[in-house]
>>> print(open('final06.cif').read())   # mmCIF, C-alpha atoms
data_data
loop_
_atom_site.label_atom_id
_atom_site.label_comp_id
_atom_site.auth_asym_id
_atom_site.auth_seq_id
_atom_site.Cartn_x
_atom_site.Cartn_y
_atom_site.Cartn_z
CA MET O 287 72.37 -69.54 81.57
CA ILE O 288 69.42 -71.88 82.02
CA ASP O 289 70.03 -75.61 82.16
CA VAL O 290 68.57 -77.52 79.20
CA GLU O 291 66.69 -79.94 81.45
CA GLN O 292 65.15 -77.01 83.37
CA ASP O 293 64.21 -75.36 80.07
CA ILE O 294 62.48 -78.56 78.94
CA ALA O 295 60.59 -78.85 82.23
CA GLN O 296 59.48 -75.22 81.98
CA ARG O 297 58.29 -75.60 78.37
CA LEU O 298 56.42 -78.79 79.18
CA SER O 299 54.74 -77.08 82.12
CA GLN O 300 53.71 -74.13 79.96
CA ALA O 301 52.21 -76.56 77.43
CA GLY O 302 50.32 -78.38 80.19
CA VAL O 303 52.27 -81.61 79.66
CA ILE O 304 53.15 -83.70 82.70
CA PRO O 305 55.86 -86.29 82.02
CA LEU O 306 55.03 -89.86 83.02
CA VAL O 307 56.95 -91.75 85.68
CA GLY O 308 60.51 -92.20 84.44
CA GLY O 309 60.54 -88.83 82.67
CA LEU O 310 58.59 -90.04 79.63
CA VAL O 311 57.32 -87.30 77.34
CA PRO O 312 54.61 -87.90 74.70
CA GLU O 313 55.64 -87.81 71.06
CA PHE O 314 53.71 -84.63 70.22
CA ALA O 315 55.44 -82.72 73.04
CA THR O 316 58.86 -84.10 72.11
CA ALA O 317 58.35 -83.00 68.51
CA ASP O 318 57.35 -79.52 69.68
CA LEU O 319 60.41 -79.24 71.94
CA LEU O 320 62.74 -80.19 69.10
CA GLY O 321 61.04 -78.13 66.39
CA TYR O 322 59.70 -81.10 64.42
CA ALA O 323 56.19 -82.07 63.37
CA PRO O 324 54.85 -85.09 65.27
CA SER O 325 54.21 -86.79 61.92
CA TYR O 326 57.91 -86.50 61.09
CA LEU O 327 58.95 -88.33 64.28
CA ARG O 328 56.25 -90.97 63.69
CA ARG O 329 57.40 -91.55 60.12
CA LEU O 330 61.06 -91.89 61.12
CA ALA O 331 60.14 -94.32 63.90
CA ALA O 332 58.02 -96.40 61.50
CA GLU O 333 60.96 -96.54 59.09
CA GLY O 334 63.31 -97.60 61.89
CA ARG O 335 65.26 -94.33 61.66
CA SER O 336 64.13 -92.53 64.82
CA PRO O 337 66.66 -89.85 65.79
CA LEU O 338 66.32 -90.79 69.46
CA PRO O 339 65.17 -93.89 71.35
CA PHE O 340 61.54 -94.21 72.36
CA VAL O 341 59.39 -96.31 74.66
CA ARG O 342 56.07 -97.72 73.45
CA ARG O 343 52.95 -97.74 75.60
CA GLY O 344 50.21 -99.32 73.53
CA ASN O 345 50.31 -97.58 70.16
CA ARG O 346 51.90 -94.41 71.58
CA ARG O 347 55.57 -93.43 71.65
CA PHE O 348 57.21 -91.66 74.54
CA TYR O 349 60.71 -90.20 74.78
CA LYS O 350 62.84 -89.93 77.91
CA ILE O 351 63.81 -86.43 79.00
CA ALA O 352 67.46 -87.53 79.29
CA ASP O 353 67.41 -88.66 75.63
CA ILE O 354 65.80 -85.38 74.54
CA VAL O 355 68.51 -83.43 76.39
CA ARG O 356 71.24 -85.57 74.84
CA PHE O 357 69.78 -85.12 71.34
CA ALA O 358 69.34 -81.36 71.78
CA THR O 359 72.87 -80.80 73.07
CA ASP O 360 74.81 -83.28 70.92
CA THR O 361 77.03 -81.30 68.57
CA ASP O 362 78.54 -84.20 66.64
#
>>> encode(input="final06.cif", output="structure tokens")
Amino acid sequence: MIDVEQDIAQRLSQAGVIPLVGGLVPEFATADLLGYAPSYLRRLAAEGRSPLPFVRRGNRRFYKIADIVRFATDTD
């Protein structure tokens, strides 16, 4: 069975996305990985209800790979 973090890295590579230092993934790629529209993640973040923590760089949001893994594997 493939590790979730390896699966994420493989999917990002196939999409031509290179995570920033610290494992930061752009919002559009995070949305794609999780099966959401980027506009949905943006709206939730604007409402203060983001399903996972994000880091802002200018007006862009980035998500840490570790947080994406945690969100994708959390069964609670």
>>> atom_distance(input="final06.cif", atom1="atom CA of Gln296 of chain O", atom2="atom CA of Arg347 of chain O")
21.3 Å
>>> closest_residue(input="final06.cif", among="O:Asp353, O:Ser336, O:Pro324, O:Leu330", to="Ile294 of chain O", atoms="all atoms listed in the file")
O:Asp353
>>> closest_residue(input="final06.cif", among="O:Phe357, O:Pro339, O:Gln300, O:Leu327", to="Glu313 of chain O", atoms="only C-alpha atoms")
O:Leu327
>>> residues_around(input="final06.cif", residues="Val290 of chain O", least_positions_apart="4", cutoff="9 Å", atoms="all atoms listed in the file", output="MDAnalysis selection string")
chainID O and resid 294:295 355 358:359
>>> resolve_selection(input="final06.cif", expression="the PyMOL selection byres ((chain O and resi 308) around 12)", output="ChimeraX atom specification")
/O:304-307,309-311,341,348-353
>>> atom_distance(input="final06.cif", atom1="atom CA of Ala315 of chain O", atom2="atom CA of Arg346 of chain O")
12.3 Å
>>> atom_distance(input="final06.cif", atom1="atom CA of Gly302 of chain O", atom2="atom CA of Ala323 of chain O")
18.2 Å
>>> build_atoms(input="final06.cif", residues="segment 320-353 of chain O", atoms="N, CA and C atoms", output="mmCIF file, in the coordinates of the input")
data_model
loop_
_atom_site.group_PDB
_atom_site.id
_atom_site.type_symbol
_atom_site.label_atom_id
_atom_site.label_comp_id
_atom_site.auth_asym_id
_atom_site.auth_seq_id
_atom_site.Cartn_x
_atom_site.Cartn_y
_atom_site.Cartn_z
ATOM 1 N N LEU O 320 61.611 -80.108 70.020
ATOM 2 C CA LEU O 320 62.740 -80.190 69.100
ATOM 3 C C LEU O 320 62.514 -79.452 67.785
ATOM 4 N N GLY O 321 61.319 -78.887 67.610
ATOM 5 C CA GLY O 321 61.040 -78.130 66.390
ATOM 6 C C GLY O 321 60.653 -78.994 65.211
ATOM 7 N N TYR O 322 60.149 -80.191 65.469
ATOM 8 C CA TYR O 322 59.700 -81.100 64.420
ATOM 9 C C TYR O 322 58.187 -81.240 64.471
ATOM 10 N N ALA O 323 57.602 -81.701 63.382
ATOM 11 C CA ALA O 323 56.190 -82.070 63.370
ATOM 12 C C ALA O 323 56.075 -83.476 63.957
ATOM 13 N N PRO O 324 55.028 -83.743 64.734
ATOM 14 C CA PRO O 324 54.850 -85.090 65.270
ATOM 15 C C PRO O 324 54.824 -86.161 64.176
ATOM 16 N N SER O 325 54.263 -85.822 63.023
ATOM 17 C CA SER O 325 54.210 -86.790 61.920
ATOM 18 C C SER O 325 55.607 -87.156 61.425
ATOM 19 N N TYR O 326 56.539 -86.223 61.511
ATOM 20 C CA TYR O 326 57.910 -86.500 61.090
ATOM 21 C C TYR O 326 58.555 -87.528 62.019
ATOM 22 N N LEU O 327 58.401 -87.352 63.335
ATOM 23 C CA LEU O 327 58.950 -88.330 64.280
ATOM 24 C C LEU O 327 58.289 -89.689 64.108
ATOM 25 N N ARG O 328 56.959 -89.704 63.893
ATOM 26 C CA ARG O 328 56.250 -90.970 63.690
ATOM 27 C C ARG O 328 56.757 -91.692 62.456
ATOM 28 N N ARG O 329 56.939 -90.940 61.373
ATOM 29 C CA ARG O 329 57.400 -91.550 60.120
ATOM 30 C C ARG O 329 58.802 -92.136 60.285
ATOM 31 N N LEU O 330 59.697 -91.379 60.909
ATOM 32 C CA LEU O 330 61.060 -91.890 61.120
ATOM 33 C C LEU O 330 61.042 -93.150 61.982
ATOM 34 N N ALA O 331 60.229 -93.151 63.026
ATOM 35 C CA ALA O 331 60.140 -94.320 63.900
ATOM 36 C C ALA O 331 59.601 -95.523 63.129
ATOM 37 N N ALA O 332 58.595 -95.309 62.290
ATOM 38 C CA ALA O 332 58.020 -96.400 61.500
ATOM 39 C C ALA O 332 59.028 -96.964 60.503
ATOM 40 N N GLU O 333 59.922 -96.113 60.032
ATOM 41 C CA GLU O 333 60.960 -96.540 59.090
ATOM 42 C C GLU O 333 62.182 -97.117 59.794
ATOM 43 N N GLY O 334 62.164 -97.106 61.133
ATOM 44 C CA GLY O 334 63.310 -97.600 61.890
ATOM 45 C C GLY O 334 64.473 -96.626 61.939
ATOM 46 N N ARG O 335 64.197 -95.343 61.698
ATOM 47 C CA ARG O 335 65.260 -94.330 61.660
ATOM 48 C C ARG O 335 65.042 -93.226 62.694
ATOM 49 N N SER O 336 64.414 -93.547 63.813
ATOM 50 C CA SER O 336 64.130 -92.530 64.820
ATOM 51 C C SER O 336 65.426 -91.874 65.295
ATOM 52 N N PRO O 337 65.440 -90.538 65.375
ATOM 53 C CA PRO O 337 66.660 -89.850 65.790
ATOM 54 C C PRO O 337 67.007 -90.021 67.267
ATOM 55 N N LEU O 338 66.041 -90.504 68.063
ATOM 56 C CA LEU O 338 66.320 -90.790 69.460
ATOM 57 C C LEU O 338 65.444 -91.965 69.914
ATOM 58 N N PRO O 339 65.910 -92.700 70.911
ATOM 59 C CA PRO O 339 65.170 -93.890 71.350
ATOM 60 C C PRO O 339 63.815 -93.527 71.952
ATOM 61 N N PHE O 340 62.871 -94.436 71.805
ATOM 62 C CA PHE O 340 61.540 -94.210 72.360
ATOM 63 C C PHE O 340 61.049 -95.451 73.083
ATOM 64 N N VAL O 341 60.025 -95.245 73.901
ATOM 65 C CA VAL O 341 59.390 -96.310 74.660
ATOM 66 C C VAL O 341 57.946 -96.377 74.181
ATOM 67 N N ARG O 342 57.464 -97.574 73.897
ATOM 68 C CA ARG O 342 56.070 -97.720 73.450
ATOM 69 C C ARG O 342 55.174 -98.063 74.625
ATOM 70 N N ARG O 343 54.029 -97.429 74.649
ATOM 71 C CA ARG O 343 52.950 -97.740 75.600
ATOM 72 C C ARG O 343 51.704 -97.870 74.743
ATOM 73 N N GLY O 344 51.309 -99.099 74.467
ATOM 74 C CA GLY O 344 50.210 -99.320 73.530
ATOM 75 C C GLY O 344 50.671 -98.902 72.141
ATOM 76 N N ASN O 345 49.897 -98.054 71.482
ATOM 77 C CA ASN O 345 50.310 -97.580 70.160
ATOM 78 C C ASN O 345 50.939 -96.191 70.213
ATOM 79 N N ARG O 346 51.296 -95.734 71.409
ATOM 80 C CA ARG O 346 51.900 -94.410 71.580
ATOM 81 C C ARG O 346 53.387 -94.515 71.840
ATOM 82 N N ARG O 347 54.130 -93.497 71.409
ATOM 83 C CA ARG O 347 55.570 -93.430 71.650
ATOM 84 C C ARG O 347 55.856 -92.328 72.648
ATOM 85 N N PHE O 348 56.769 -92.636 73.551
ATOM 86 C CA PHE O 348 57.210 -91.660 74.540
ATOM 87 C C PHE O 348 58.731 -91.589 74.499
ATOM 88 N N TYR O 349 59.263 -90.425 74.806
ATOM 89 C CA TYR O 349 60.710 -90.200 74.780
ATOM 90 C C TYR O 349 61.158 -89.764 76.168
ATOM 91 N N LYS O 350 62.301 -90.281 76.596
ATOM 92 C CA LYS O 350 62.840 -89.930 77.910
ATOM 93 C C LYS O 350 63.469 -88.540 77.862
ATOM 94 N N ILE O 351 63.254 -87.782 78.929
ATOM 95 C CA ILE O 351 63.810 -86.430 79.000
ATOM 96 C C ILE O 351 65.325 -86.462 78.825
ATOM 97 N N ALA O 352 65.991 -87.435 79.417
ATOM 98 C CA ALA O 352 67.460 -87.530 79.290
ATOM 99 C C ALA O 352 67.869 -87.702 77.825
ATOM 100 N N ASP O 353 67.097 -88.471 77.055
ATOM 101 C CA ASP O 353 67.410 -88.660 75.630
ATOM 102 C C ASP O 353 67.137 -87.389 74.836
#
